[in-house]
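Trainee: Here you go, one structure.
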Amino acid sequence: MSYNEDLYTAIDLGSATIRGMVGTKKDGKVLPIAIAEVPTSNAIRKGVVNNMEELHNKLKVLIDRLNEQLPDKHTEIKKVYVGFGGKSLMSRSYKINHKMDNPDGEEISDYHINLINERVKNYRLNAHEVLDVSDPYCLVDGRVERNIKGLLCTEFSIHFNLITTRSSNVNFIRMAIEDRLGLELEAILPSPCCEADVLLYPDAKTLGVALVNIGAGTSSVAIYKNDTLKCLRIIPFGSKNITNDLMSLHITYPEAEKIKLENATPFTDAYDDETLTLSSPDGTRDRELKMRDVNSLVTARMKEITANVLRVIHDFEAGARLGSGIVLAGQGALMTGFVNYLQGESKFVSLAREFNDKVYKGDTPLSGDVDYAGCAGLIYRAEVNCIGSIDAPQSTTAPSSKVATPVPQATVQASQPEETPEEDHSTETTEEHSQQQPQTSLFDLPDIDQPRKATKREPKSAKRKKSFNWFSKIKDVLTNDDVD
């Protein structure tokens, strides 16, 4: 079986499982080609990198399994898209308002649009990086408008949400992918938003919906309204906390995990004489656990997770109601009685059981497994082919020799950033300036069309290219002349 289309590679970093997928797009829909997963073990905690060596070993096994399933045995994975859902991930709401000098109103012109663009460029985020941005929208004298250029008004504003995480999380992922595996990191994207792309239908996003994923180490809440992300929060509690609580009954982690999945019945009453018999580790005697103790621990933790989830939703619903309610995902949402309990706290609660029409639903390796929603969403957003020939070297000799000479010079210049003012944006020194002052601003980014340099750290520019793209979404909404 062969494919003429581009193939994309996605890796979703979970607190319990790292999942990978290779897929293509057929008629605009995600078509999975290969899937694989490995247990996270100690590599990731609360969604963030905890052990670099362990993560390298897990990712190597995952990549090898995906390479074995590629349709062309003479190709291998060269680039990856990574989904991140760690505890520092969150959305930040921004509003840029401009009031016209003439109280009777003025026409919105290129002059006003350029002023807004300059104000956006001045934003700084200390110790955080932007992974994505919600679709921006404009208010002109209080009315939502799609094309603002030429409109008469007294004031207008642009609204958007930046999705950010700590810079250290991005650096650790880059080290694991680029430095340890030798692959190119094309982009890091927020997993909850990627999951929403392939699990939620447009009508639900328009009416208002909260996608709640109860994972192992964290729980995510992504709220959509009017087809736009309004709020994203990560709660540092998950189903793994339940397993740790059960271990207080003097049982091992595997025993606690099995009891949580097979025996626990939270949100229900258990009589004192109900017991669960376990064999001792050495097999010499049996142990008994009271189901009342088991259910009490599980119920308490699930109520804590639910209370935090509902607080995020209720804070948002104070300004707008979610017409489509709550959609649950993740293994933690499958706990016995959890959906019924949540329905008693909030109306319109349902489980995400299948993908929407953005995923090909024919006979594929995915088989409708929504646990791979993060990977499917990454491939839906992917734009760059990730598969290359095994015979082709990762960095060709000719380009390397061309860029080998300027590298030391750029390093020397970077040690003296004060000599080059930030205001200098001449086209002749754009690339050199980006090397001298990396990350001076989230918006002072190199030209997206500049040639790639065949150095090992070159994938760092992929992150910059992604940042440039999200800024262009804000710029496009101001300058778009097409009216749908």
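Just so we're on the same page: first chain in the structure tokens is A, next is B, and so on; residues restart at 1 for each chain, and ligands are numbered from 1 in the order they show up.
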Got a sec: who's within 8 Å of stretch 222-227 of chain A, counting only C-alpha atoms, leaving out chain neighbours fewer than 6 positions off, as a tab-separated table (two decimals) with N, CA, C and O atoms, in the first residue's frame?
Mentor:
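Written output follows (part_31.tsv):
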```tsv
chain	number	residue	atom	x	y	z
A	192	PRO	N	-5.44	19.85	24.37
A	192	PRO	CA	-6.89	20.02	24.51
A	192	PRO	C	-7.55	20.65	23.29
A	192	PRO	O	-8.67	20.27	22.92
A	193	CYS	N	-6.88	21.60	22.65
A	193	CYS	CA	-7.45	22.24	21.46
A	193	CYS	C	-7.44	21.29	20.27
A	193	CYS	O	-8.37	21.29	19.46
A	196	ALA	N	-10.29	18.94	20.73
A	196	ALA	CA	-11.57	19.59	20.42
A	196	ALA	C	-11.81	19.65	18.92
A	196	ALA	O	-12.97	19.56	18.46
A	202	PRO	N	-19.19	21.55	14.95
A	202	PRO	CA	-19.28	23.01	14.85
A	202	PRO	C	-20.49	23.60	15.58
A	202	PRO	O	-20.38	24.66	16.19
A	203	ASP	N	-21.63	22.91	15.53
A	203	ASP	CA	-22.82	23.44	16.21
A	203	ASP	C	-22.60	23.54	17.71
A	203	ASP	O	-23.03	24.50	18.35
A	205	LYS	N	-19.69	23.94	19.25
A	205	LYS	CA	-18.78	25.06	19.50
A	205	LYS	C	-19.48	26.40	19.38
A	205	LYS	O	-19.13	27.36	20.08
A	206	THR	N	-20.46	26.48	18.50
A	206	THR	CA	-21.19	27.74	18.32
A	206	THR	C	-22.11	28.01	19.50
A	206	THR	O	-22.16	29.12	20.04
A	207	LEU	N	-22.86	27.00	19.93
A	207	LEU	CA	-23.81	27.18	21.03
A	207	LEU	C	-23.10	27.32	22.38
A	207	LEU	O	-23.66	27.91	23.31
A	208	GLY	N	-21.92	26.76	22.49
A	208	GLY	CA	-21.19	26.80	23.75
A	208	GLY	C	-21.03	25.41	24.33
A	208	GLY	O	-22.02	24.71	24.58
A	209	VAL	N	-19.79	24.96	24.54
A	209	VAL	CA	-19.54	23.63	25.05
A	209	VAL	C	-18.23	23.62	25.80
A	209	VAL	O	-17.32	24.40	25.50
A	210	ALA	N	-18.14	22.75	26.80
A	210	ALA	CA	-16.90	22.56	27.56
A	210	ALA	C	-16.42	21.13	27.34
A	210	ALA	O	-17.13	20.18	27.68
A	211	LEU	N	-15.23	20.98	26.75
A	211	LEU	CA	-14.62	19.67	26.59
A	211	LEU	C	-13.74	19.42	27.80
A	211	LEU	O	-12.74	20.11	28.02
A	212	VAL	N	-14.11	18.41	28.60
A	212	VAL	CA	-13.40	18.10	29.84
A	212	VAL	C	-12.73	16.75	29.68
A	212	VAL	O	-13.40	15.74	29.48
A	233	ARG	N	-8.07	25.78	30.71
A	233	ARG	CA	-7.44	25.64	32.02
A	233	ARG	C	-7.03	24.18	32.23
A	233	ARG	O	-7.73	23.26	31.80
A	313	ILE	N	-16.02	26.13	34.71
A	313	ILE	CA	-17.17	26.29	33.82
A	313	ILE	C	-18.13	27.35	34.35
A	313	ILE	O	-18.62	28.21	33.60
A	322	LEU	N	-23.48	27.83	28.28
A	322	LEU	CA	-23.04	26.79	27.37
A	322	LEU	C	-24.25	25.99	26.91
A	322	LEU	O	-24.73	25.10	27.63
```
Trainee: List as a PyMOL selection string the protein and nucleic acid residues near A:Asn308, meaning an atom at most 12 Å away when only C-alpha atoms are counted, but skip any in the same chain fewer than 5 places from it.
Mentor: chain A and resi 212+214+218-221+233-238+301-303+313-315
Trainee: Based on the selection just made, write N, CA and C atoms of those residues as a PDB file, in the first residue's frame.
Mentor:
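File produced: part17.pdb:
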```pdb
ATOM      1  N   VAL A 212     -14.109  18.412  28.602  1.00  0.00           N
ATOM      2  CA  VAL A 212     -13.405  18.096  29.844  1.00  0.00           C
ATOM      3  C   VAL A 212     -12.728  16.748  29.685  1.00  0.00           C
ATOM      4  N   ILE A 214     -10.540  14.055  31.595  1.00  0.00           N
ATOM      5  CA  ILE A 214     -10.027  13.589  32.884  1.00  0.00           C
ATOM      6  C   ILE A 214      -8.886  12.628  32.589  1.00  0.00           C
ATOM      7  N   THR A 218      -3.477  15.093  34.954  1.00  0.00           N
ATOM      8  CA  THR A 218      -4.159  16.387  34.915  1.00  0.00           C
ATOM      9  C   THR A 218      -5.541  16.233  34.303  1.00  0.00           C
ATOM     10  N   SER A 219      -6.355  17.258  34.477  1.00  0.00           N
ATOM     11  CA  SER A 219      -7.667  17.343  33.832  1.00  0.00           C
ATOM     12  C   SER A 219      -7.741  18.680  33.116  1.00  0.00           C
ATOM     13  N   SER A 220      -8.150  18.654  31.860  1.00  0.00           N
ATOM     14  CA  SER A 220      -8.220  19.883  31.070  1.00  0.00           C
ATOM     15  C   SER A 220      -9.661  20.298  30.844  1.00  0.00           C
ATOM     16  N   VAL A 221      -9.885  21.615  30.794  1.00  0.00           N
ATOM     17  CA  VAL A 221     -11.194  22.189  30.505  1.00  0.00           C
ATOM     18  C   VAL A 221     -11.021  23.203  29.385  1.00  0.00           C
ATOM     19  N   ARG A 233      -8.069  25.781  30.714  1.00  0.00           N
ATOM     20  CA  ARG A 233      -7.442  25.641  32.021  1.00  0.00           C
ATOM     21  C   ARG A 233      -7.031  24.179  32.226  1.00  0.00           C
ATOM     22  N   ILE A 234      -5.911  23.999  32.912  1.00  0.00           N
ATOM     23  CA  ILE A 234      -5.428  22.672  33.273  1.00  0.00           C
ATOM     24  C   ILE A 234      -5.495  22.536  34.787  1.00  0.00           C
ATOM     25  N   ILE A 235      -6.194  21.507  35.257  1.00  0.00           N
ATOM     26  CA  ILE A 235      -6.335  21.243  36.698  1.00  0.00           C
ATOM     27  C   ILE A 235      -5.334  20.144  37.070  1.00  0.00           C
ATOM     28  N   PRO A 236      -4.479  20.383  38.066  1.00  0.00           N
ATOM     29  CA  PRO A 236      -3.410  19.418  38.385  1.00  0.00           C
ATOM     30  C   PRO A 236      -3.889  18.209  39.172  1.00  0.00           C
ATOM     31  N   PHE A 237      -5.042  17.666  38.816  1.00  0.00           N
ATOM     32  CA  PHE A 237      -5.569  16.437  39.429  1.00  0.00           C
ATOM     33  C   PHE A 237      -6.062  15.529  38.322  1.00  0.00           C
ATOM     34  N   GLY A 238      -5.893  14.229  38.503  1.00  0.00           N
ATOM     35  CA  GLY A 238      -6.375  13.273  37.529  1.00  0.00           C
ATOM     36  C   GLY A 238      -6.649  11.937  38.174  1.00  0.00           C
ATOM     37  N   ARG A 301     -11.964  11.915  46.003  1.00  0.00           N
ATOM     38  CA  ARG A 301     -11.073  12.493  44.983  1.00  0.00           C
ATOM     39  C   ARG A 301     -11.842  12.899  43.736  1.00  0.00           C
ATOM     40  N   MET A 302     -12.824  12.085  43.316  1.00  0.00           N
ATOM     41  CA  MET A 302     -13.606  12.436  42.141  1.00  0.00           C
ATOM     42  C   MET A 302     -14.437  13.689  42.381  1.00  0.00           C
ATOM     43  N   LYS A 303     -14.925  13.871  43.584  1.00  0.00           N
ATOM     44  CA  LYS A 303     -15.653  15.092  43.904  1.00  0.00           C
ATOM     45  C   LYS A 303     -14.744  16.310  43.859  1.00  0.00           C
ATOM     46  N   ILE A 313     -16.017  26.132  34.711  1.00  0.00           N
ATOM     47  CA  ILE A 313     -17.173  26.292  33.819  1.00  0.00           C
ATOM     48  C   ILE A 313     -18.128  27.347  34.351  1.00  0.00           C
ATOM     49  N   HIS A 314     -18.404  27.331  35.648  1.00  0.00           N
ATOM     50  CA  HIS A 314     -19.346  28.295  36.222  1.00  0.00           C
ATOM     51  C   HIS A 314     -18.806  29.716  36.148  1.00  0.00           C
ATOM     52  N   ASP A 315     -17.493  29.881  36.293  1.00  0.00           N
ATOM     53  CA  ASP A 315     -16.911  31.225  36.157  1.00  0.00           C
ATOM     54  C   ASP A 315     -17.129  31.763  34.758  1.00  0.00           C
TER      55      ASP A 315
END
```
Trainee: Could you please write out, as a PyMOL selection string, every residue of stretch 98-127 of chain A that DSSP assigns to helix (DSSP H, G or I)?
Mentor: chain A and resi 110-121
Trainee: Residues of the last selection are to be written out with all heavy atoms, as a CSV table (one decimal), in the first residue's frame.
Mentor:
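Result written to out-v2.csv:
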```csv
chain,number,residue,atom,x,y,z
A,110,ASP,N,-5.8,52.0,7.0
A,110,ASP,CA,-4.6,51.3,7.2
A,110,ASP,C,-3.8,51.9,8.4
A,110,ASP,O,-3.0,51.2,9.1
A,110,ASP,CB,-3.7,51.4,6.0
A,110,ASP,CG,-4.3,50.5,4.9
A,110,ASP,OD1,-5.0,49.5,5.2
A,110,ASP,OD2,-4.0,50.8,3.7
A,111,TYR,N,-3.9,53.2,8.6
A,111,TYR,CA,-3.2,53.9,9.7
A,111,TYR,C,-3.7,53.3,11.0
A,111,TYR,O,-2.8,53.0,11.9
A,111,TYR,CB,-3.6,55.4,9.7
A,111,TYR,CG,-3.2,56.1,10.9
A,111,TYR,CD1,-1.8,56.4,11.2
A,111,TYR,CD2,-4.1,56.5,11.9
A,111,TYR,CE1,-1.4,57.1,12.3
A,111,TYR,CE2,-3.8,57.2,13.0
A,111,TYR,CZ,-2.4,57.5,13.2
A,111,TYR,OH,-2.1,58.1,14.4
A,112,HIS,N,-5.0,53.1,11.2
A,112,HIS,CA,-5.5,52.6,12.5
A,112,HIS,C,-5.0,51.1,12.7
A,112,HIS,O,-4.7,50.6,13.7
A,112,HIS,CB,-7.0,52.7,12.6
A,112,HIS,CG,-7.5,54.1,12.5
A,112,HIS,ND1,-8.0,54.6,11.3
A,112,HIS,CD2,-7.5,55.1,13.4
A,112,HIS,CE1,-8.3,55.9,11.5
A,112,HIS,NE2,-8.0,56.2,12.8
A,113,ILE,N,-5.1,50.4,11.5
A,113,ILE,CA,-4.7,48.9,11.6
A,113,ILE,C,-3.2,48.8,11.9
A,113,ILE,O,-2.9,47.9,12.7
A,113,ILE,CB,-5.0,48.3,10.2
A,113,ILE,CG1,-6.6,48.2,10.0
A,113,ILE,CG2,-4.4,46.9,10.2
A,113,ILE,CD1,-7.0,47.7,8.7
A,114,ASN,N,-2.4,49.6,11.4
A,114,ASN,CA,-1.0,49.6,11.7
A,114,ASN,C,-0.7,49.9,13.2
A,114,ASN,O,0.2,49.4,13.8
A,114,ASN,CB,-0.2,50.6,10.8
A,114,ASN,CG,-0.1,50.1,9.4
A,114,ASN,OD1,-0.2,48.9,9.1
A,114,ASN,ND2,0.0,51.0,8.4
A,115,LEU,N,-1.5,50.8,13.7
A,115,LEU,CA,-1.4,51.2,15.2
A,115,LEU,C,-1.7,49.9,16.0
A,115,LEU,O,-1.0,49.7,17.0
A,115,LEU,CB,-2.3,52.3,15.5
A,115,LEU,CG,-2.0,53.7,15.1
A,115,LEU,CD1,-3.1,54.7,15.5
A,115,LEU,CD2,-0.6,54.1,15.6
A,116,ILE,N,-2.7,49.2,15.6
A,116,ILE,CA,-3.1,48.0,16.4
A,116,ILE,C,-1.9,47.0,16.3
A,116,ILE,O,-1.5,46.3,17.3
A,116,ILE,CB,-4.4,47.4,15.9
A,116,ILE,CG1,-5.5,48.4,16.2
A,116,ILE,CG2,-4.7,46.0,16.5
A,116,ILE,CD1,-5.8,48.6,17.6
A,117,ASN,N,-1.4,46.8,15.1
A,117,ASN,CA,-0.3,45.8,14.9
A,117,ASN,C,0.9,46.2,15.7
A,117,ASN,O,1.6,45.3,16.3
A,117,ASN,CB,0.1,45.8,13.4
A,117,ASN,CG,-0.9,45.0,12.6
A,117,ASN,OD1,-1.6,44.1,13.1
A,117,ASN,ND2,-1.0,45.3,11.3
A,118,GLU,N,1.2,47.4,15.8
A,118,GLU,CA,2.4,47.8,16.6
A,118,GLU,C,2.1,47.6,18.1
A,118,GLU,O,3.0,47.2,18.8
A,118,GLU,CB,2.7,49.3,16.4
A,118,GLU,CG,3.2,49.7,15.0
A,118,GLU,CD,4.5,48.9,14.8
A,118,GLU,OE1,5.4,48.8,15.7
A,118,GLU,OE2,4.7,48.4,13.7
A,119,ARG,N,0.9,47.7,18.6
A,119,ARG,CA,0.6,47.5,20.0
A,119,ARG,C,0.7,46.0,20.3
A,119,ARG,O,1.1,45.6,21.3
A,119,ARG,CB,-0.8,48.0,20.3
A,119,ARG,CG,-0.9,49.5,20.3
A,119,ARG,CD,-2.3,50.0,20.6
A,119,ARG,NE,-2.7,49.6,21.9
A,119,ARG,CZ,-3.9,49.9,22.5
A,119,ARG,NH1,-4.8,50.6,21.7
A,119,ARG,NH2,-4.2,49.5,23.7
A,120,VAL,N,0.3,45.2,19.3
A,120,VAL,CA,0.4,43.7,19.5
A,120,VAL,C,1.9,43.3,19.6
A,120,VAL,O,2.2,42.5,20.4
A,120,VAL,CB,-0.3,43.0,18.3
A,120,VAL,CG1,0.0,41.5,18.4
A,120,VAL,CG2,-1.8,43.2,18.4
A,121,LYS,N,2.7,43.9,18.8
A,121,LYS,CA,4.1,43.6,18.8
A,121,LYS,C,4.8,43.9,20.1
A,121,LYS,O,5.8,43.4,20.4
A,121,LYS,CB,4.8,44.3,17.6
A,121,LYS,CG,4.5,43.8,16.2
A,121,LYS,CD,5.2,44.6,15.2
A,121,LYS,CE,4.9,44.1,13.8
A,121,LYS,NZ,5.6,44.8,12.7
```
Trainee: For each of A:Phe316, A:Tyr341, A:Phe348, A:Tyr81, take the minimum atom-to-atom distance to A:Leu185, counting only C-alpha atoms, then give the residue where this is smallest.
Mentor: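 When distances to A:Leu185 are compared using only C-alpha atoms, the smallest one comes from A:Tyr81.
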Trainee: Choose the residue, out of A:Ala333, A:Asp72, A:Arg45, A:Ser279, that has the smallest atom-to-atom separation from A:Ser15; count only C-alpha atoms.
Mentor: A:Arg45
Trainee: For atom CA of A:Thr154 and atom CA of A:Ile108, determine how far apart the two atoms are, in Å to one decimal place.
Mentor: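 Atom CA of A:Ile108 lies at a distance of 9.5 Å from atom CA of A:Thr154.
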Trainee: Write out, as a tab-separated table, each residue of stretch 42-68 of chain A that has an atom at most 12 Å from stretch 369-393 of chain A, together with the closest pair of atoms and their distance in Å to one decimal, counting only C-alpha atoms, rows going by chain and rising number.
Mentor:
```
residue	atom	partner	partner_atom	distance
A:Ile63	CA	A:Ile387	CA	11.8
A:Leu66	CA	A:Ile387	CA	11.1
A:Asn67	CA	A:Ile387	CA	9.5
```
Trainee: List every residue of stretch 125-219 of chain A that DSSP, applied to the backbone of this structure, places in strand (DSSP E), and write the result as a compact mmCIF listing (two decimals) with N, CA, C and O atoms, in the first residue's frame.
Mentor:
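Result went into result_36.txt, see below:
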```txt
# COMPACT_ATOMS: atom_id res chain seq x y z
N HIS A 128 7.33 32.61 29.46
CA HIS A 128 6.28 31.82 28.81
C HIS A 128 6.41 31.92 27.30
O HIS A 128 6.92 32.91 26.78
N GLU A 129 5.92 30.91 26.61
CA GLU A 129 5.90 30.90 25.15
C GLU A 129 4.49 30.64 24.66
O GLU A 129 3.70 29.96 25.32
N VAL A 130 4.19 31.17 23.50
CA VAL A 130 2.87 31.02 22.89
C VAL A 130 2.86 29.79 21.98
O VAL A 130 3.70 29.67 21.10
N LEU A 131 1.92 28.90 22.22
CA LEU A 131 1.77 27.70 21.38
C LEU A 131 0.70 27.87 20.32
O LEU A 131 0.78 27.27 19.25
N ASP A 132 -0.31 28.69 20.60
CA ASP A 132 -1.42 28.84 19.66
C ASP A 132 -2.19 30.09 20.02
O ASP A 132 -1.96 30.72 21.07
N VAL A 133 -3.11 30.48 19.16
CA VAL A 133 -3.98 31.63 19.40
C VAL A 133 -5.37 31.29 18.91
O VAL A 133 -5.54 30.58 17.92
N TYR A 137 -11.56 38.16 16.96
CA TYR A 137 -12.75 38.81 16.43
C TYR A 137 -12.71 40.29 16.80
O TYR A 137 -12.02 40.70 17.75
N CYS A 138 -13.43 41.10 16.04
CA CYS A 138 -13.41 42.55 16.21
C CYS A 138 -14.78 43.05 16.65
O CYS A 138 -15.82 42.56 16.19
N LEU A 139 -14.77 44.04 17.52
CA LEU A 139 -15.98 44.76 17.92
C LEU A 139 -15.86 46.19 17.43
O LEU A 139 -14.89 46.88 17.76
N VAL A 140 -16.82 46.63 16.64
CA VAL A 140 -16.85 47.99 16.12
C VAL A 140 -18.09 48.67 16.69
O VAL A 140 -19.22 48.30 16.36
N ARG A 143 -20.41 46.13 18.06
CA ARG A 143 -20.94 45.11 17.15
C ARG A 143 -19.80 44.24 16.64
O ARG A 143 -18.72 44.73 16.33
N VAL A 144 -20.06 42.93 16.55
CA VAL A 144 -19.06 42.03 16.00
C VAL A 144 -19.03 42.20 14.49
O VAL A 144 -20.05 42.09 13.81
N GLU A 145 -17.84 42.47 13.94
CA GLU A 145 -17.67 42.68 12.51
C GLU A 145 -16.54 41.80 12.00
O GLU A 145 -15.53 41.60 12.68
N LEU A 152 -17.13 53.12 9.53
CA LEU A 152 -17.17 54.34 10.32
C LEU A 152 -17.53 53.99 11.75
O LEU A 152 -18.49 53.25 12.00
N CYS A 153 -16.78 54.51 12.71
CA CYS A 153 -17.05 54.20 14.11
C CYS A 153 -16.36 55.22 15.01
O CYS A 153 -15.53 56.01 14.55
N GLU A 155 -15.10 53.90 18.06
CA GLU A 155 -14.07 53.07 18.66
C GLU A 155 -14.23 51.64 18.16
O GLU A 155 -15.31 51.23 17.75
N PHE A 156 -13.13 50.91 18.20
CA PHE A 156 -13.17 49.49 17.84
C PHE A 156 -12.12 48.77 18.67
O PHE A 156 -11.19 49.38 19.23
N SER A 157 -12.27 47.44 18.74
CA SER A 157 -11.35 46.63 19.54
C SER A 157 -11.20 45.26 18.89
O SER A 157 -12.08 44.80 18.17
N ILE A 158 -10.07 44.61 19.18
CA ILE A 158 -9.82 43.26 18.71
C ILE A 158 -9.59 42.38 19.93
O ILE A 158 -8.90 42.77 20.87
N HIS A 159 -10.19 41.18 19.92
CA HIS A 159 -10.15 40.26 21.06
C HIS A 159 -9.57 38.92 20.61
O HIS A 159 -9.92 38.41 19.55
N PHE A 160 -8.68 38.35 21.42
CA PHE A 160 -8.10 37.04 21.11
C PHE A 160 -7.55 36.43 22.39
O PHE A 160 -7.35 37.12 23.41
N ASN A 161 -7.33 35.12 22.33
CA ASN A 161 -6.74 34.37 23.44
C ASN A 161 -5.43 33.75 23.01
O ASN A 161 -5.38 33.02 22.01
N LEU A 162 -4.36 34.04 23.76
CA LEU A 162 -3.09 33.38 23.54
C LEU A 162 -3.01 32.16 24.44
O LEU A 162 -3.33 32.24 25.62
N ILE A 163 -2.59 31.04 23.89
CA ILE A 163 -2.43 29.80 24.65
C ILE A 163 -0.94 29.63 24.94
O ILE A 163 -0.14 29.48 24.02
N THR A 164 -0.58 29.68 26.20
CA THR A 164 0.82 29.74 26.58
C THR A 164 1.19 28.62 27.54
O THR A 164 0.33 28.00 28.16
N THR A 165 2.48 28.39 27.66
CA THR A 165 3.03 27.48 28.66
C THR A 165 4.40 28.00 29.05
O THR A 165 4.95 28.90 28.40
N ARG A 166 4.96 27.46 30.09
CA ARG A 166 6.29 27.87 30.53
C ARG A 166 7.34 27.54 29.47
O ARG A 166 7.30 26.48 28.85
N GLU A 184 13.31 16.44 13.74
CA GLU A 184 12.98 17.87 13.64
C GLU A 184 11.62 18.11 14.29
O GLU A 184 10.62 17.46 13.96
N LEU A 185 11.58 19.03 15.22
CA LEU A 185 10.34 19.39 15.90
C LEU A 185 9.64 20.47 15.09
O LEU A 185 10.06 21.63 15.07
N GLU A 186 8.58 20.09 14.41
CA GLU A 186 7.89 21.02 13.54
C GLU A 186 7.06 22.03 14.34
O GLU A 186 7.04 23.22 14.02
N ALA A 187 6.37 21.57 15.38
CA ALA A 187 5.56 22.48 16.19
C ALA A 187 5.12 21.78 17.46
O ALA A 187 5.00 20.55 17.50
N ILE A 188 4.89 22.55 18.51
CA ILE A 188 4.25 22.07 19.74
C ILE A 188 2.89 22.74 19.83
O ILE A 188 2.80 23.97 19.79
N LEU A 189 1.85 21.95 19.94
CA LEU A 189 0.48 22.47 19.95
C LEU A 189 -0.25 22.01 21.21
O LEU A 189 0.08 20.95 21.76
N PRO A 190 -1.22 22.79 21.68
CA PRO A 190 -1.97 22.40 22.89
C PRO A 190 -2.88 21.20 22.62
O PRO A 190 -3.77 21.27 21.76
N VAL A 209 -19.79 24.96 24.54
CA VAL A 209 -19.54 23.63 25.05
C VAL A 209 -18.23 23.62 25.80
O VAL A 209 -17.32 24.40 25.50
N ALA A 210 -18.14 22.75 26.80
CA ALA A 210 -16.90 22.56 27.56
C ALA A 210 -16.42 21.13 27.34
O ALA A 210 -17.13 20.18 27.68
N LEU A 211 -15.23 20.98 26.75
CA LEU A 211 -14.62 19.67 26.59
C LEU A 211 -13.74 19.42 27.80
O LEU A 211 -12.74 20.11 28.02
N VAL A 212 -14.11 18.41 28.60
CA VAL A 212 -13.40 18.10 29.84
C VAL A 212 -12.73 16.75 29.68
O VAL A 212 -13.40 15.74 29.48
N ASN A 213 -11.41 16.73 29.76
CA ASN A 213 -10.65 15.49 29.64
C ASN A 213 -10.06 15.15 31.00
O ASN A 213 -9.19 15.87 31.51
N ILE A 214 -10.54 14.05 31.59
CA ILE A 214 -10.03 13.59 32.88
C ILE A 214 -8.89 12.63 32.59
O ILE A 214 -9.10 11.44 32.32
N SER A 219 -6.35 17.26 34.48
CA SER A 219 -7.67 17.34 33.83
C SER A 219 -7.74 18.68 33.12
O SER A 219 -7.40 19.71 33.69
```
Trainee: Report the distance between atom CA of A:Leu249 and atom CA of A:Leu289 in Å, rounded to one decimal place.
Mentor: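 Taking atom CA of A:Leu249 as the start and atom CA of A:Leu289 as the end point, the length is 7.8 Å.
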